[in-house]
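**Q** First, the structure itself, so that you have it in front of you.
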Amino acid sequence: MHGHEKMIYAYRPAFPPGTTDWVRIGTSEIVPGDIISCKEATARKGRNMAHHQKQHLNRVPADILILSGDVVVDEALLTGESVPQLKTSLEDTSTDRNLDLQEHKQSICFGGTNLLVTHEGDDTRFPAAPDRGVIGVVLRTGFETAQGSLLRTMAHTQKSVDGIHTRDTYIFILLLLLCAIFSAYVVWEEGWADESRNRFRLILHVIMIITSVVPPELPMELSLAVTNSVTDLMKRCQVYCTEIFRIPIAGQVNVCCFDKTGTLTSDEMQLKGVRLVDTENGNGFVEVMKPDESLPLEPTLIMAACHALALGGNGSDNVIGDPLEKAIMSTTGYRLVQNNELQRGTASEDGASKIQIVQRLNFTSRLKRMSVLAKVDSDDTIWALTKGAPEVVKKLLKEGTCPDDYDKVSMRHMGRGQRVLAMAYRKVSLGQEILTLKDLKRDNVECNLIFAGFLLLDCPIKGDSKSVIQELQSSGHQVKMITGDSLWTAAEVARQVGMVQKSNGSYPQFFHLKRCHSNTINASCKPVVGNFRFVAMIPDSLDGNEGSGVSVAASDVDRLKEMVDNGDASLCISGDALQDLVTGIVGGNNSTFGSSEVSRGEEKHALFDPAAQVVLMRLVPLVSVFARHAPRQKEAIVAAINLGGFKTLMCGDGTNDMASLRRAHVGISIISAPEVEAKQRSATAEISAARANQKKERKKKKATAKLKPSNASFEDSLNQLRQAQEELNSVELGDASIASPFTSRSVSIKCCKDVLQQGRCTLVTMLQIYKILGINCLVNAMVLSNLFLHGVKQGDRQLTVTGLAVAALFLFVSRGKPLDSIAPIRPPASVLCRSALASIGMQFGIHFWAIRLASQVSLSFVDPYDPSMIPDGPFNPNTLNTSTFLMNMLATVNTFAVNYRGEPFVEPLKKNKMLLRSLQICYAVLLCCALELFPPLSDLLQLSEYPSTASDEELEWQTNNFGTDLILSLANGIVSSFGFPAFMCGLMLVDTSLTFAVEKFILRFFEPTGSVTLNF
């Protein structure tokens, strides 16, 4: 690949020695510490550049810290998010601080991302690069980069297994082997005592009996079932699986976790309004103002200038960045004319027609805010404009400027499921000790701010989120939300989608985890755990007592569980409360964690500390909403659920969900495409309206001519839906999506239900295969032993027909499709469960009795000196061989028919047409052979003709060898009265009826049809 290697400029020692200059090198030659220049690739005049070629040339070769200039990058390949990100040069270059990859994320271009626009800086420490690009220092290369660590995580993920029942498979085969050893011992003992038998052939036959119960086709049949499931998921659901052993694990899932933004709700944030401070009537708020209304100067400046937007390259007017920030800026009337300059299209009363952004203090997930320094028109006044989370901005406000009902209003809007951003500002006064604006520290800018109001944002809930959540809950799955959004917003969305259900006609009260004062601690509680209690989110319900609520101590967990089960409470935990809890728990056992601030590495260690995980394992299953959670906290929550013995599903769409997606047993990533979602919502709404209109017109019995317009509109909406789906199919999947075991090419969580349905179908199919192979192997071992003891063999054509029939039936069993709905009961998770073992034992017992009875009755009609009974002689068909073959084939066919589970996990037998027709053909052939209706068919299968009745000498020989048995005497009476064909048909009917009846009884006894509840 060196022939296509990208060439870049590096600031390195040059000739003559002792000088430094820009040198052109390949990307494979760069090392950490290199100073390099990055510039986006553009096509030469008159030439076009292929998309893949442009992506290759614009790809960032390493993790680079920007020292001079700014750049807009597309991080979709790395994060799965399509919003371009603006990266600016490092603000604080002092040497007394360590570089923090999270804190300084906005100044780092990560390897694997694509350059969109670059702008040269004015840093005088380095000479301008020949390509006029952004100058930066290489931090990491290869597998040490962000992309490399992601790929390494994919390559060295948690240990996978060959199947879900590896241990159970060994135990199951061991049980079969013990049965085979017993049968082989009986054959060995009797065969060794018969001196007329060939000892070498005896040893071979004993080995054949032992190996017959170890099914060699078991791995192939299990792989066939899983492979068919992978194909079905791809074709039917557009879900792609990279770790196929997780498909049957999906059939055991009992806890489903979902991200909120982009998963349950759309990633398309909409500006709903602005809530300003009522300056005329004191400290209150005015009513919500629409975005297009006339706003005061301060909030307008914040909405227009506090963003990370940038212009496209080559003089383009296209604005690149977050669609939400673009929508907010457009409502103010300003437009971006340069990266750091905005102009208003129309003249304004306040005269603020031009805004120049002097410095950006970018948003970070840790600080939860961003700020800019800006100048308005030609005025020398510098404005500090800030927006961020309400609880964060409140701490930065000047004393006396925060309204009294600040928290109440923000929580009220968050309680409606809206995202709330607080706006604040101040005029910066430059002191004599500060020479330039870039010398301003962030703490000096974001202080003594004046509150300007709230931005009210909303992201609509996806159309099928509520229906899928309700179906999962009705099928016995616990559903939880793990999100980075605020606690109030997450709780309201959980209520809207149905995660929190009504009890006695009303919704339960929300309780959140909070550290309380030490004087409220129960003396019986552990010192740290007792500090934390679940208190009501609405302060009025607490009667002003912060300590009221329920402790998370082990003694109070039962009370919490009772409150949740009775519908009296719905529990929520914020990321900060979770971190405080686990840090306190670990700090009590480890002196490394004290009351002082701990590093990020220590925080992550605390989350996964065994002592903390034990407490979380007891607490997490009771909680419905986890809000303001960082990626490492999401992963810790999933790990705690797994530790409790549950099977988890996690569904998300962004890079912040990757750790939890890998930690879950079933991780599903979906596509985040806000523009396509908007098209789908619009088309779906038009289709619903058209159907409603048609329904009304039918009721009113309107003329057909009035139906045509709605039909045309209906077709247009369908076409729009198809176009949206085609756009989804063209969306490229990034590393974040590929890292999860399951990736869906949809924007809906319906794929989770599809995976669960397919998982149950696969799990049931695999259990069927275990049972079928187990019963057939035991029957074959018994038949081989029985025939060998009497010197009878099996014909080559008989073995061939049996093998072909079994292979075809296995193929059709593995092609069963899942049902459209998820049943409230779950399939058995192991072949060693009581129902499976009881079914195998009882079915084998019935087949053993039927084959043995047929063999004993057949011996009455076989001359002991018949050449076909000579041990180790050639094969010659006789009555014993014929009856045993027919009963053995019947047992095989019955095993497939009886053990095909069907509803409520797989489509019923009548819908699996190929299997049904195959079983019908097998039964018809067996009946035809038993009644001797078509002699050529019997000849083809090497079957002998049935005798009419037994002679006195044959009956005497049978009595001497087997004694007198009531059932055997009854069978001989049936043969004497009705003939041998009638006896065989009757025995086959009894065997089939008993096996069906036994299986039905076991299903009713061991697997009740009632709904399943989880005992946390």
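To be explicit about the labels: the chains of the structure tokens are called A, B, and onward in the order shown, and within each one the residues are counted from 1, while ligands get numbers from 1 in the order they are shown.
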Set the distance at 8 Å and use only C-alpha atoms: which residues neighbour A:Gln470 once local chain neighbours fewer than 5 positions away are removed? I'd like the list as number ranges by chain.

**A** A: 497-499

**Q** Could you write out, as a PyMOL selection string, all the residues of stretch 766-916 of chain A that DSSP marks as helix (DSSP H, G or I)?

**A** chain A and resi 766-789+796-813+834-859+867-869+879-899+913-916

**Q** Do a neighbour search on A:Asp558 at 12 Å with only C-alpha atoms, toss out local chain neighbours closer than 5 positions, and write the hits as a PDB file with N, CA and C atoms, in the first residue's frame.

**A**
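Saved the output as result.pdb:
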ATOM      1  N   VAL A 550     -35.648   6.287  51.447  1.00  0.00           N
ATOM      2  CA  VAL A 550     -35.274   4.910  51.772  1.00  0.00           C
ATOM      3  C   VAL A 550     -33.789   4.735  51.511  1.00  0.00           C
ATOM      4  N   SER A 551     -33.090   4.175  52.460  1.00  0.00           N
ATOM      5  CA  SER A 551     -31.659   3.963  52.335  1.00  0.00           C
ATOM      6  C   SER A 551     -31.371   2.840  51.340  1.00  0.00           C
ATOM      7  N   VAL A 552     -30.160   2.846  50.793  1.00  0.00           N
ATOM      8  CA  VAL A 552     -29.749   1.784  49.878  1.00  0.00           C
ATOM      9  C   VAL A 552     -29.024   0.669  50.620  1.00  0.00           C
ATOM     10  N   ALA A 553     -29.023   0.729  51.938  1.00  0.00           N
ATOM     11  CA  ALA A 553     -28.390  -0.340  52.706  1.00  0.00           C
ATOM     12  C   ALA A 553     -29.108  -1.660  52.459  1.00  0.00           C
ATOM     13  N   MET A 563     -41.728  -1.315  47.188  1.00  0.00           N
ATOM     14  CA  MET A 563     -42.261  -0.071  46.636  1.00  0.00           C
ATOM     15  C   MET A 563     -42.313  -0.124  45.110  1.00  0.00           C
ATOM     16  N   VAL A 564     -41.271  -0.677  44.499  1.00  0.00           N
ATOM     17  CA  VAL A 564     -41.241  -0.769  43.036  1.00  0.00           C
ATOM     18  C   VAL A 564     -42.277  -1.764  42.539  1.00  0.00           C
ATOM     19  N   ASP A 565     -42.365  -2.929  43.194  1.00  0.00           N
ATOM     20  CA  ASP A 565     -43.315  -3.957  42.768  1.00  0.00           C
ATOM     21  C   ASP A 565     -44.761  -3.501  42.916  1.00  0.00           C
ATOM     22  N   ARG A 618     -27.053  -5.487  43.760  1.00  0.00           N
ATOM     23  CA  ARG A 618     -28.276  -5.544  44.562  1.00  0.00           C
ATOM     24  C   ARG A 618     -29.213  -4.392  44.254  1.00  0.00           C
ATOM     25  N   LEU A 619     -28.642  -3.263  43.829  1.00  0.00           N
ATOM     26  CA  LEU A 619     -29.428  -2.045  43.688  1.00  0.00           C
ATOM     27  C   LEU A 619     -29.922  -1.804  42.265  1.00  0.00           C
ATOM     28  N   LEU A 622     -33.380  -2.717  40.471  1.00  0.00           N
ATOM     29  CA  LEU A 622     -34.601  -2.041  40.913  1.00  0.00           C
ATOM     30  C   LEU A 622     -34.792  -0.684  40.243  1.00  0.00           C
ATOM     31  N   ASN A1015     -37.515 -12.345  39.502  1.00  0.00           N
ATOM     32  CA  ASN A1015     -37.288 -12.172  40.926  1.00  0.00           C
ATOM     33  C   ASN A1015     -35.931 -11.516  41.135  1.00  0.00           C
ATOM     34  N   PHE A1016     -35.958 -10.219  41.394  1.00  0.00           N
ATOM     35  CA  PHE A1016     -34.697  -9.510  41.615  1.00  0.00           C
ATOM     36  C   PHE A1016     -34.297  -9.720  43.060  1.00  0.00           C
TER      37      PHE A1016
END

**Q** So which one's closest to A:Asp796, A:Leu943, A:Leu819, A:Val23, A:Ala424? Using only C-alpha atoms, please.

**A** A:Leu943

**Q** Using only C-alpha atoms, which protein or nucleic acid residues come within 12 Å of A:Thr141? Drop anything in the same chain fewer than 2 positions from it, and give the result as a count of residues only.

**A** 26

**Q** Would you mind listing what lies within 6 Å of A:Phe258 as a ChimeraX atom specification, with only C-alpha atoms counted and same-chain residues fewer than 3 positions away left out?

**A** /A:481-482,650-651

**Q** Counting only C-alpha atoms, which of A:Arg834, A:Lys354, A:Arg360, A:Lys913 gets nearest to A:Gly816?

**A** A:Lys913

**Q** List every residue of stretch 240-292 of chain A that has an atom at most 12 Å from any atom of stretch 445-461 of chain A, giving for each one its closest atom pair and the distance in Å to one decimal, counting only C-alpha atoms, sorted by chain and then by ascending residue number, as CSV.

**A**
residue,atom,partner,partner_atom,distance
A:Lys260,CA,A:Ile461,CA,9.2
A:Thr261,CA,A:Cys459,CA,7.7
A:Gly262,CA,A:Cys459,CA,8.8
A:Thr263,CA,A:Ile461,CA,8.9
A:Leu264,CA,A:Ile461,CA,6.2
A:Thr265,CA,A:Ile461,CA,4.0
A:Ser266,CA,A:Cys459,CA,5.5
A:Asp267,CA,A:Cys459,CA,6.6
A:Glu268,CA,A:Cys459,CA,5.9
A:Met269,CA,A:Cys459,CA,4.6
A:Gln270,CA,A:Asp458,CA,5.2
A:Leu271,CA,A:Leu457,CA,4.6
A:Lys272,CA,A:Leu457,CA,5.4
A:Gly273,CA,A:Leu456,CA,5.2
A:Val274,CA,A:Leu455,CA,4.9
A:Arg275,CA,A:Phe454,CA,5.0
A:Leu276,CA,A:Gly453,CA,4.3
A:Val277,CA,A:Gly453,CA,5.8
A:Asp278,CA,A:Gly453,CA,9.5
A:Thr279,CA,A:Ala452,CA,10.3
A:Asn283,CA,A:Phe451,CA,10.8
A:Gly284,CA,A:Gly453,CA,10.7
A:Phe285,CA,A:Gly453,CA,8.3
A:Val286,CA,A:Gly453,CA,9.7
A:Glu287,CA,A:Gly453,CA,11.3
A:Val288,CA,A:Leu456,CA,8.8
A:Met289,CA,A:Leu456,CA,9.8
A:Lys290,CA,A:Leu456,CA,9.8
A:Pro291,CA,A:Leu455,CA,9.2

**Q** Please provide the set of residues having any atom within 7 Å of A:Asn881, restricted to only C-alpha atoms, with same-chain residues fewer than 3 positions apart removed, written as a compact mmCIF listing (two decimals) with C-alpha atoms, in the first residue's frame.

**A**
# COMPACT_ATOMS: atom_id res chain seq x y z
CA VAL A 792 -29.09 -59.82 12.37
CA GLN A 794 -28.92 -53.80 8.67
CA PRO A 877 -33.65 -59.64 5.18
CA ASN A 878 -35.96 -61.40 7.61
CA THR A 884 -36.89 -53.46 13.70
CA PHE A 885 -36.12 -51.19 10.74

**Q** Identify, on the basis of only C-alpha atoms, every residue whose closest approach to A:Ile8 does not exceed 8 Å; exclude the query and any residue fewer than 5 positions from it along the same chain; express the result as number ranges by chain.

**A** A: 24-27, 36-38

**Q** Those residues with all heavy atoms, as an mmCIF file, in the first residue's frame please?

**A**
data_model
loop_
_atom_site.group_PDB
_atom_site.id
_atom_site.type_symbol
_atom_site.label_atom_id
_atom_site.label_comp_id
_atom_site.auth_asym_id
_atom_site.auth_seq_id
_atom_site.Cartn_x
_atom_site.Cartn_y
_atom_site.Cartn_z
ATOM 1 N N ARG A 24 8.787 16.716 3.441
ATOM 2 C CA ARG A 24 7.670 15.923 2.942
ATOM 3 C C ARG A 24 7.974 14.435 3.181
ATOM 4 O O ARG A 24 8.961 13.891 2.674
ATOM 5 C CB ARG A 24 7.452 16.185 1.458
ATOM 6 C CG ARG A 24 6.163 15.600 0.889
ATOM 7 C CD ARG A 24 5.963 16.119 -0.538
ATOM 8 N NE ARG A 24 4.850 15.486 -1.209
ATOM 9 C CZ ARG A 24 3.580 15.870 -1.095
ATOM 10 N NH1 ARG A 24 3.295 16.909 -0.318
ATOM 11 N NH2 ARG A 24 2.622 15.251 -1.742
ATOM 12 N N ILE A 25 7.096 13.768 3.969
ATOM 13 C CA ILE A 25 7.292 12.360 4.314
ATOM 14 C C ILE A 25 5.973 11.615 4.150
ATOM 15 O O ILE A 25 4.900 12.212 4.023
ATOM 16 C CB ILE A 25 7.809 12.194 5.765
ATOM 17 C CG1 ILE A 25 6.759 12.736 6.760
ATOM 18 C CG2 ILE A 25 9.160 12.880 5.961
ATOM 19 C CD1 ILE A 25 7.088 12.469 8.209
ATOM 20 N N GLY A 26 6.055 10.279 4.179
ATOM 21 C CA GLY A 26 4.850 9.453 4.145
ATOM 22 C C GLY A 26 4.251 9.304 5.530
ATOM 23 O O GLY A 26 4.934 9.441 6.549
ATOM 24 N N THR A 27 2.962 9.019 5.587
ATOM 25 C CA THR A 27 2.289 8.908 6.882
ATOM 26 C C THR A 27 2.804 7.727 7.704
ATOM 27 O O THR A 27 2.673 7.731 8.935
ATOM 28 C CB THR A 27 0.773 8.748 6.666
ATOM 29 O OG1 THR A 27 0.527 7.638 5.775
ATOM 30 C CG2 THR A 27 0.161 10.000 6.074
ATOM 31 N N ILE A 36 3.542 18.253 12.505
ATOM 32 C CA ILE A 36 3.110 18.017 11.134
ATOM 33 C C ILE A 36 2.048 19.041 10.744
ATOM 34 O O ILE A 36 1.465 19.724 11.598
ATOM 35 C CB ILE A 36 2.560 16.591 10.937
ATOM 36 C CG1 ILE A 36 1.284 16.392 11.760
ATOM 37 C CG2 ILE A 36 3.599 15.548 11.286
ATOM 38 C CD1 ILE A 36 0.600 15.057 11.493
ATOM 39 N N SER A 37 1.826 19.122 9.441
ATOM 40 C CA SER A 37 0.805 20.009 8.881
ATOM 41 C C SER A 37 -0.259 19.168 8.189
ATOM 42 O O SER A 37 0.064 18.251 7.430
ATOM 43 C CB SER A 37 1.432 20.985 7.880
ATOM 44 O OG SER A 37 0.431 21.746 7.227
ATOM 45 N N CYS A 38 -1.531 19.485 8.452
ATOM 46 C CA CYS A 38 -2.652 18.758 7.856
ATOM 47 C C CYS A 38 -3.488 19.727 7.020
ATOM 48 O O CYS A 38 -3.852 20.811 7.489
ATOM 49 C CB CYS A 38 -3.523 18.120 8.930
ATOM 50 S SG CYS A 38 -2.706 16.835 9.886
#

**Q** Rounded to one decimal in Å, what is the spacing between atom CA of A:Asn98 and atom CA of A:Lys441?

**A**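 Result for atom CA of A:Asn98 versus atom CA of A:Lys441: 15.7 Å, one decimal.
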
**Q** Given only C-alpha atoms as the basis, pick out the residue of A:Gln633, A:Ser858, A:Gln757, A:Ser506 nearest to A:Ser574.

**A**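 That would be A:Gln633, the residue with the smallest distance to A:Ser574.
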
**Q** Rank A:Val925, A:Phe844, A:Phe812, A:Ser89 by their smallest atom-to-atom distance to A:Phe896, using only C-alpha atoms, and report the top residue only.

**A** A:Phe812

**Q** With 8 Å as the cut-off and only C-alpha atoms counted, what is the closest atom pair between each nearby residue of stretch 385-428 of chain A and stretch 306-309 of chain A? Distances in Å to one decimal, ordered by chain and number, as CSV.

**A**
residue,atom,partner,partner_atom,distance
A:Leu385,CA,A:Cys306,CA,6.3
A:Thr386,CA,A:Cys306,CA,6.7
A:Lys387,CA,A:Cys306,CA,7.2

**Q** Please, could you write that set of residues out with all heavy atoms as an mmCIF file, in the first residue's frame?

**A**
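The file below, result_26.cif, is the result:
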data_model
loop_
_atom_site.group_PDB
_atom_site.id
_atom_site.type_symbol
_atom_site.label_atom_id
_atom_site.label_comp_id
_atom_site.auth_asym_id
_atom_site.auth_seq_id
_atom_site.Cartn_x
_atom_site.Cartn_y
_atom_site.Cartn_z
ATOM 1 N N LEU A 385 -20.112 34.949 26.371
ATOM 2 C CA LEU A 385 -21.415 34.317 26.140
ATOM 3 C C LEU A 385 -21.306 32.838 26.467
ATOM 4 O O LEU A 385 -20.437 32.138 25.935
ATOM 5 C CB LEU A 385 -21.835 34.517 24.682
ATOM 6 C CG LEU A 385 -21.765 35.965 24.156
ATOM 7 C CD1 LEU A 385 -22.060 35.997 22.664
ATOM 8 C CD2 LEU A 385 -22.730 36.857 24.938
ATOM 9 N N THR A 386 -22.189 32.351 27.332
ATOM 10 C CA THR A 386 -22.107 30.968 27.837
ATOM 11 C C THR A 386 -23.459 30.290 27.732
ATOM 12 O O THR A 386 -24.507 30.914 27.950
ATOM 13 C CB THR A 386 -21.643 30.956 29.310
ATOM 14 O OG1 THR A 386 -20.364 31.584 29.408
ATOM 15 C CG2 THR A 386 -21.538 29.528 29.837
ATOM 16 N N LYS A 387 -23.425 29.015 27.374
ATOM 17 C CA LYS A 387 -24.631 28.186 27.450
ATOM 18 C C LYS A 387 -24.215 26.801 27.926
ATOM 19 O O LYS A 387 -23.094 26.338 27.662
ATOM 20 C CB LYS A 387 -25.352 28.109 26.109
ATOM 21 C CG LYS A 387 -24.606 27.322 25.033
ATOM 22 C CD LYS A 387 -25.418 27.249 23.747
ATOM 23 C CE LYS A 387 -24.673 26.449 22.679
ATOM 24 N NZ LYS A 387 -25.411 26.374 21.402
#
